[in-house]
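Colleague: File model_21.pdb below, PDB, C-alpha atoms:
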MODEL        1
ATOM      1  CA  MET A   1      35.999 125.785 119.501
ATOM      2  CA  SER A   2      39.398 126.026 121.104
ATOM      3  CA  VAL A   3      41.674 123.058 121.661
ATOM      4  CA  LYS A   4      41.150 123.434 125.399
ATOM      5  CA  GLU A   5      37.348 123.332 125.006
ATOM      6  CA  ARG A   6      37.563 120.276 122.755
ATOM      7  CA  LYS A   7      39.787 118.448 125.264
ATOM      8  CA  GLU A   8      37.429 119.323 128.113
ATOM      9  CA  ARG A   9      34.477 118.027 126.095
ATOM     10  CA  GLU A  10      36.347 114.804 125.268
ATOM     11  CA  ARG A  11      37.294 114.381 128.926
ATOM     12  CA  ALA A  12      33.677 114.831 130.035
ATOM     13  CA  SER A  13      32.562 112.358 127.380
ATOM     14  CA  ARG A  14      35.093 109.763 128.579
ATOM     15  CA  GLU A  15      33.974 110.272 132.151
ATOM     16  CA  ARG A  16      30.315 109.712 131.197
ATOM     17  CA  LEU A  17      31.364 106.576 129.311
ATOM     18  CA  ILE A  18      33.229 105.227 132.352
ATOM     19  CA  VAL A  19      30.246 105.834 134.635
ATOM     20  CA  ALA A  20      27.743 104.366 132.162
ATOM     21  CA  THR A  21      29.915 101.310 131.616
ATOM     22  CA  ALA A  22      30.388 100.802 135.362
ATOM     23  CA  ARG A  23      26.615 101.007 135.862
ATOM     24  CA  GLU A  24      25.959  98.556 133.065
ATOM     25  CA  LEU A  25      28.546  96.088 134.314
ATOM     26  CA  ALA A  26      27.320  96.376 137.911
ATOM     27  CA  GLU A  27      23.691  95.848 136.876
ATOM     28  CA  GLN A  28      24.662  92.795 134.795
ATOM     29  CA  GLN A  29      27.234  91.132 137.054
ATOM     30  CA  GLY A  30      27.273  92.981 140.377
ATOM     31  CA  TRP A  31      29.714  95.492 141.792
ATOM     32  CA  ASP A  32      32.400  92.842 142.378
ATOM     33  CA  ALA A  33      32.767  92.602 138.600
ATOM     34  CA  VAL A  34      33.481  96.322 138.293
ATOM     35  CA  THR A  35      37.251  96.608 138.235
ATOM     36  CA  THR A  36      39.478  99.117 136.494
ATOM     37  CA  ARG A  37      40.773  96.294 134.326
ATOM     38  CA  GLN A  38      37.253  95.270 133.254
ATOM     39  CA  LEU A  39      36.234  98.870 132.652
ATOM     40  CA  ALA A  40      39.383  99.607 130.643
ATOM     41  CA  GLU A  41      38.727  96.584 128.430
ATOM     42  CA  ARG A  42      35.076  97.478 127.887
ATOM     43  CA  ILE A  43      35.616 101.130 127.042
ATOM     44  CA  GLU A  44      38.848 100.446 125.152
ATOM     45  CA  TYR A  45      41.001 102.852 127.117
ATOM     46  CA  SER A  46      44.012 102.070 129.271
ATOM     47  CA  GLN A  47      43.794 101.827 133.041
ATOM     48  CA  PRO A  48      45.877 105.018 133.410
ATOM     49  CA  VAL A  49      43.186 106.865 131.456
ATOM     50  CA  LEU A  50      40.602 105.596 133.955
ATOM     51  CA  TYR A  51      42.794 106.742 136.827
ATOM     52  CA  SER A  52      43.064 110.186 135.251
ATOM     53  CA  HIS A  53      39.290 110.488 135.832
ATOM     54  CA  PHE A  54      38.755 108.502 139.022
ATOM     55  CA  ARG A  55      41.235 107.456 141.716
ATOM     56  CA  GLY A  56      39.603 104.051 141.898
ATOM     57  CA  LYS A  57      36.434 102.046 142.182
ATOM     58  CA  ARG A  58      35.231 103.977 145.230
ATOM     59  CA  GLU A  59      35.073 107.229 143.245
ATOM     60  CA  ILE A  60      33.335 105.453 140.368
ATOM     61  CA  ILE A  61      30.709 104.158 142.812
ATOM     62  CA  GLY A  62      30.338 107.717 144.081
ATOM     63  CA  ALA A  63      29.796 109.031 140.550
ATOM     64  CA  VAL A  64      27.159 106.356 139.910
ATOM     65  CA  ALA A  65      25.512 107.234 143.238
ATOM     66  CA  LEU A  66      25.278 110.913 142.320
ATOM     67  CA  GLU A  67      23.819 110.122 138.913
ATOM     68  CA  GLY A  68      21.393 107.637 140.457
ATOM     69  CA  ALA A  69      20.299 110.075 143.168
ATOM     70  CA  ALA A  70      19.376 112.607 140.491
ATOM     71  CA  GLU A  71      17.374 109.926 138.666
ATOM     72  CA  LEU A  72      15.637 108.860 141.880
ATOM     73  CA  ALA A  73      14.666 112.468 142.651
ATOM     74  CA  ALA A  74      13.275 112.877 139.141
ATOM     75  CA  ALA A  75      11.323 109.601 139.381
ATOM     76  CA  VAL A  76       9.769 110.598 142.705
ATOM     77  CA  ARG A  77       8.855 114.072 141.474
ATOM     78  CA  THR A  78       7.357 112.723 138.259
ATOM     79  CA  ALA A  79       5.278 110.171 140.155
ATOM     80  CA  THR A  80       4.033 112.616 142.762
ATOM     81  CA  ALA A  81       3.291 115.464 140.344
ATOM     82  CA  ALA A  82       0.113 113.812 139.084
ATOM     83  CA  ALA A  83      -1.257 113.094 142.558
ATOM     84  CA  HIS A  84      -4.239 115.148 143.733
ATOM     85  CA  SER A  85      -4.147 114.545 147.469
ATOM     86  CA  PRO A  86      -1.547 114.028 150.195
ATOM     87  CA  ARG A  87      -2.415 110.325 150.365
ATOM     88  CA  GLU A  88      -1.989 109.896 146.605
ATOM     89  CA  ARG A  89       1.353 111.767 146.751
ATOM     90  CA  VAL A  90       2.734 109.607 149.544
ATOM     91  CA  TYR A  91       1.478 106.456 147.846
ATOM     92  CA  ALA A  92       3.043 107.540 144.525
ATOM     93  CA  LEU A  93       6.292 108.391 146.310
ATOM     94  CA  ALA A  94       6.459 104.951 147.924
ATOM     95  CA  HIS A  95       5.819 103.171 144.640
ATOM     96  CA  ALA A  96       8.295 105.321 142.704
ATOM     97  CA  TYR A  97      10.988 104.694 145.311
ATOM     98  CA  LEU A  98      10.426 100.934 145.446
ATOM     99  CA  ASP A  99      10.177 100.687 141.654
ATOM    100  CA  PHE A 100      13.458 102.590 141.266
ATOM    101  CA  ALA A 101      15.178 100.270 143.755
ATOM    102  CA  ALA A 102      13.856  97.157 141.996
ATOM    103  CA  ARG A 103      14.696  98.349 138.460
ATOM    104  CA  ASN A 104      18.179  99.641 139.347
ATOM    105  CA  PRO A 105      19.602  97.408 142.080
ATOM    106  CA  ALA A 106      23.271  98.211 141.437
ATOM    107  CA  VAL A 107      22.601 101.944 141.269
ATOM    108  CA  TYR A 108      20.475 101.703 144.412
ATOM    109  CA  ASP A 109      23.352  99.935 146.152
ATOM    110  CA  ALA A 110      25.768 102.636 144.994
ATOM    111  CA  ILE A 111      23.529 105.299 146.525
ATOM    112  CA  PHE A 112      22.589 103.590 149.788
ATOM    113  CA  GLN A 113      24.742 100.547 150.487
ATOM    114  CA  LEU A 114      28.265 100.952 149.122
ATOM    115  CA  ASP A 115      31.048 103.320 150.076
ATOM    116  CA  GLY A 116      31.359 105.852 147.303
ATOM    117  CA  GLY A 117      33.271 108.283 149.478
ATOM    118  CA  LEU A 118      30.334 110.683 149.637
ATOM    119  CA  PRO A 119      29.283 112.550 152.783
ATOM    120  CA  TYR A 120      25.623 112.122 153.698
ATOM    121  CA  ALA A 121      23.542 114.394 155.953
ATOM    122  CA  GLN A 122      26.330 116.950 156.281
ATOM    123  CA  ASP A 123      26.958 120.488 155.085
ATOM    124  CA  ASP A 124      29.187 119.215 152.277
ATOM    125  CA  THR A 125      26.757 116.565 151.042
ATOM    126  CA  PRO A 126      26.678 116.779 147.228
ATOM    127  CA  GLU A 127      23.605 118.456 145.728
ATOM    128  CA  PRO A 128      22.186 115.345 143.988
ATOM    129  CA  LEU A 129      21.994 113.550 147.354
ATOM    130  CA  LYS A 130      20.418 116.562 149.038
ATOM    131  CA  ASP A 131      17.949 116.850 146.175
ATOM    132  CA  ALA A 132      16.935 113.193 146.409
ATOM    133  CA  PHE A 133      16.096 113.726 150.072
ATOM    134  CA  ALA A 134      14.309 116.973 149.199
ATOM    135  CA  ALA A 135      12.166 115.080 146.671
ATOM    136  CA  LEU A 136      10.976 112.829 149.494
ATOM    137  CA  LEU A 137      10.507 115.714 151.905
ATOM    138  CA  GLU A 138       8.360 117.634 149.407
ATOM    139  CA  SER A 139       5.634 114.994 149.610
ATOM    140  CA  LEU A 140       6.089 114.002 153.241
ATOM    141  CA  ASP A 141       6.357 117.463 154.783
ATOM    142  CA  GLU A 142       2.600 118.014 154.719
ATOM    143  CA  VAL A 143       1.799 114.667 156.366
ATOM    144  CA  ALA A 144       4.392 114.636 159.153
ATOM    145  CA  GLY A 145       1.810 115.656 161.725
ATOM    146  CA  ASP A 146       1.601 118.290 164.404
ATOM    147  CA  GLY A 147       4.712 118.606 166.513
ATOM    148  CA  VAL A 148       6.694 116.228 164.272
ATOM    149  CA  HIS A 149       9.804 117.577 162.557
ATOM    150  CA  PRO A 150       9.255 116.990 158.805
ATOM    151  CA  GLY A 151      12.914 116.025 158.254
ATOM    152  CA  LEU A 152      12.798 113.367 160.982
ATOM    153  CA  PHE A 153       9.505 112.055 159.653
ATOM    154  CA  THR A 154      10.997 111.875 156.144
ATOM    155  CA  GLU A 155      14.039 110.007 157.454
ATOM    156  CA  THR A 156      11.794 107.481 159.220
ATOM    157  CA  PHE A 157       9.562 106.990 156.185
ATOM    158  CA  TRP A 158      12.623 106.681 153.948
ATOM    159  CA  ALA A 159      14.163 104.126 156.337
ATOM    160  CA  SER A 160      10.956 102.093 156.081
ATOM    161  CA  LEU A 161      11.031 102.212 152.283
ATOM    162  CA  HIS A 162      14.710 101.277 152.284
ATOM    163  CA  GLY A 163      13.970  98.315 154.529
ATOM    164  CA  LEU A 164      11.160  97.143 152.264
ATOM    165  CA  ALA A 165      13.361  97.529 149.180
ATOM    166  CA  THR A 166      16.375  95.694 150.562
ATOM    167  CA  LEU A 167      14.503  92.958 152.418
ATOM    168  CA  THR A 168      12.302  92.205 149.412
ATOM    169  CA  ARG A 169      15.273  92.126 147.051
ATOM    170  CA  SER A 170      17.198  89.784 149.324
ATOM    171  CA  GLY A 171      14.241  87.376 149.481
ATOM    172  CA  ARG A 172      13.582  87.980 153.177
ATOM    173  CA  LEU A 173      10.161  89.470 152.424
ATOM    174  CA  PRO A 174       7.883  87.897 149.813
ATOM    175  CA  PRO A 175       7.388  90.310 146.897
ATOM    176  CA  GLU A 176       3.717  89.461 146.519
ATOM    177  CA  ASP A 177       3.035  91.267 149.825
ATOM    178  CA  THR A 178       4.642  94.544 148.766
ATOM    179  CA  GLU A 179       1.337  96.275 148.091
ATOM    180  CA  PRO A 180      -0.167  95.541 151.539
ATOM    181  CA  ARG A 181       3.111  96.710 153.115
ATOM    182  CA  VAL A 182       2.977  99.993 151.184
ATOM    183  CA  GLN A 183      -0.646 100.465 152.247
ATOM    184  CA  LEU A 184       0.306  99.900 155.889
ATOM    185  CA  LEU A 185       3.184 102.300 155.604
ATOM    186  CA  VAL A 186       1.037 105.013 154.061
ATOM    187  CA  ASP A 187      -2.009 104.433 156.239
ATOM    188  CA  ARG A 188      -0.287 103.929 159.585
ATOM    189  CA  LEU A 189       3.035 105.741 159.458
ATOM    190  CA  ALA A 190       1.783 108.682 157.431
ATOM    191  CA  MET A 191      -1.638 108.283 159.105
ATOM    192  CA  LEU A 192      -3.519 109.010 155.900
TER     193      LEU A 192
ENDMDL
END
Could you take the file, read its structure, and then write that structure out as structure tokens?

Modeller:
Amino acid sequence: MSVKERKERERASRERLIVATARELAEQQGWDAVTTRQLAERIEYSQPVLYSHFRGKREIIGAVALEGAAELAAAVRTATAAAHSPRERVYALAHAYLDFAARNPAVYDAIFQLDGGLPYAQDDTPEPLKDAFAALLESLDEVAGDGVHPGLFTETFWASLHGLATLTRSGRLPPEDTEPRVQLLVDRLAML
């Protein structure tokens, strides 16, 4: 291995460490606790080393969002792969999405709530974000209904899931009613 290859590998390793540490800190203490000073102390590198990877917290949030979007897409695809009917797929999708949001609140916020400097719904949207949407569309395309654009239907269904996730997490919706809400969403919005 050349010196250049070794340095590139070390750089990539440091970058993964920064992102993992930011995620961990955000999940434990919230995004307000994620500062370059805190990260530098935790990973035992100087702040200038952090800035050689990311220009600041916004880019770190963006990196966490991209990683999280890939994980969300994988979770949705895994959950829907075992389903045998459109209804089961949509139901599995809804549960996988809500479970991901509940298990990873800081990552979920990085993807959907915080400014990570990432373009959404544009030509230059990063692939992990496009793929997360595609994972939803794959299961919702077949249930959109006649004359309904599958992308618009997916956006509406996603917006409903996002609302359930954020309102439940904030205590504005009681968590014990999540299952009846998911059933309503699947039965009425997806008309299954």

Colleague: Within 8 Å of region 72-89 of chain A, which residues of region 110-192 of chain A come that close, and what is the closest atom pair and distance in Å for each? Count all atoms listed in the file and give it as CSV.

Modeller:
residue,atom,partner,partner_atom,distance
A:Asp131,CA,A:Ala73,CA,6.5
A:Ala132,CA,A:Ala73,CA,4.4
A:Phe133,CA,A:Ala73,CA,7.7
A:Ala134,CA,A:Ala73,CA,8.0
A:Ala135,CA,A:Ala73,CA,5.4
A:Leu136,CA,A:Val76,CA,7.2
A:Ser139,CA,A:Arg89,CA,6.1
A:Glu142,CA,A:Pro86,CA,7.3
A:Val143,CA,A:Pro86,CA,7.0
A:Val186,CA,A:Arg87,CA,7.3
A:Leu192,CA,A:Arg87,CA,5.8

Colleague: Write out, as a PDB file, keeping the file's coordinate frame, the residues just selected, with C-alpha atoms.

Modeller:
ATOM      1  CA  ASP A 131      17.949 116.850 146.175  1.00  0.00           C
ATOM      2  CA  ALA A 132      16.935 113.193 146.409  1.00  0.00           C
ATOM      3  CA  PHE A 133      16.096 113.726 150.072  1.00  0.00           C
ATOM      4  CA  ALA A 134      14.309 116.973 149.199  1.00  0.00           C
ATOM      5  CA  ALA A 135      12.166 115.080 146.671  1.00  0.00           C
ATOM      6  CA  LEU A 136      10.976 112.829 149.494  1.00  0.00           C
ATOM      7  CA  SER A 139       5.634 114.994 149.610  1.00  0.00           C
ATOM      8  CA  GLU A 142       2.600 118.014 154.719  1.00  0.00           C
ATOM      9  CA  VAL A 143       1.799 114.667 156.366  1.00  0.00           C
ATOM     10  CA  VAL A 186       1.037 105.013 154.061  1.00  0.00           C
ATOM     11  CA  LEU A 192      -3.519 109.010 155.900  1.00  0.00           C
TER      12      LEU A 192
END

Colleague: Mind pulling up the distance from CA of Arg58 (chain A) to CA of Gly151 (chain A)?

Modeller: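 Separation between CA of Gly151 (chain A) and CA of Arg58 (chain A): 28.5 Å.
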
Colleague: So, counting only C-alpha atoms, which residue among A:Ile18, A:Leu25, A:Gln38, A:Glu67 is closest to Ser52 (chain A)?

Modeller: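 Of all the options, A:Ile18 lies closest to Ser52 (chain A).
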
Colleague: Report as a list in words all protein, DNA and RNA residues lying within 10 Å of Thr21 (chain A), evaluated on only C-alpha atoms, omitting residues in the same chain fewer than 5 positions from it.

Modeller: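 Listing them by chain and then by number gives Glu15, Arg16, Ala26, Glu27, Val34, Gln38, Leu39, Ala40, Arg42 and Ile43 of chain A.
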
Colleague: For the residues selected in the previous step, produce a file with C-alpha atoms as a short mmCIF file (atom, residue, chain, number, x, y, z; two decimals), in the frame of the given file.

Modeller:
data_model
loop_
_atom_site.label_atom_id
_atom_site.label_comp_id
_atom_site.auth_asym_id
_atom_site.auth_seq_id
_atom_site.Cartn_x
_atom_site.Cartn_y
_atom_site.Cartn_z
CA GLU A 15 33.97 110.27 132.15
CA ARG A 16 30.32 109.71 131.20
CA ALA A 26 27.32 96.38 137.91
CA GLU A 27 23.69 95.85 136.88
CA VAL A 34 33.48 96.32 138.29
CA GLN A 38 37.25 95.27 133.25
CA LEU A 39 36.23 98.87 132.65
CA ALA A 40 39.38 99.61 130.64
CA ARG A 42 35.08 97.48 127.89
CA ILE A 43 35.62 101.13 127.04
#

Colleague: Nearest to Glu59 (chain A): which of A:Asp115, A:Glu24, A:Glu41, A:Glu10 is it, counting only C-alpha atoms?

Modeller: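 Using only C-alpha atoms, Glu59 (chain A) sits closest to A:Asp115.
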
Colleague: With distances taken over all atoms listed in the file, which of A:Leu164, A:Val107, A:Leu189, A:Leu137 is nearest to Asp177 (chain A)?

Modeller: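 Nearest to Asp177 (chain A): A:Leu164.
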
Colleague: On this structure, which residues satisfy the PyMOL selection byres ((chain A and resi 120) around 12), written as a list in words?

Modeller: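 Written out, the selection comes to Gly62, Ala65, Leu66, Ala69, Ile111, Phe112, Asp115, Gly116, Gly117, Leu118, Pro119, Ala121, Gln122, Asp123, Asp124, Thr125, Pro126, Glu127, Pro128, Leu129, Lys130, Asp131, Ala132 and Phe133 of chain A.
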
Colleague: Could you spell out the hits of the PyMOL selection byres ((chain A and resi 30) around 12) on the shown file, as a ChimeraX atom specification?

Modeller: /A:22-29,31-35,61,104-110,114

Colleague: When distances are computed from only C-alpha atoms, which of A:His95, A:Arg37, A:Arg14, A:Arg181 shows the smallest separation from Gly56 (chain A)?

Modeller: A:Arg37

Colleague: Which residue out of A:Leu17, A:Ala159, A:Leu98, A:Val49 has the minimum interatomic distance to Thr178 (chain A) when only C-alpha atoms are used?

Modeller: A:Leu98

Colleague: Mind pulling up the distance from CA of Arg55 (chain A) to CA of Thr166 (chain A)?

Modeller: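 Interatomic distance, CA of Thr166 (chain A) to CA of Arg55 (chain A): 28.9 Å.
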
Colleague: Given the choices A:Ala20, A:Gly171, A:Glu8, A:Glu176, which gets closest to Gly68 (chain A) if the distance is worked out from only C-alpha atoms?

Modeller: A:Ala20

Colleague: Which distance in Å separates CA of Gln183 (chain A) and CA of Arg103 (chain A), to one decimal?

Modeller: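 One can read the CA of Gln183 (chain A) to CA of Arg103 (chain A) distance as 20.7 Å.
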
Colleague: Compile the contact shell of Ser160 (chain A) as an NGL selection string: residues with an atom at most 10 Å away, counting all atoms listed in the file, same-chain residues fewer than 3 positions apart removed.

Modeller: :A and (94 or 154-157 or 163-165 or 181-182 or 185 or 189)
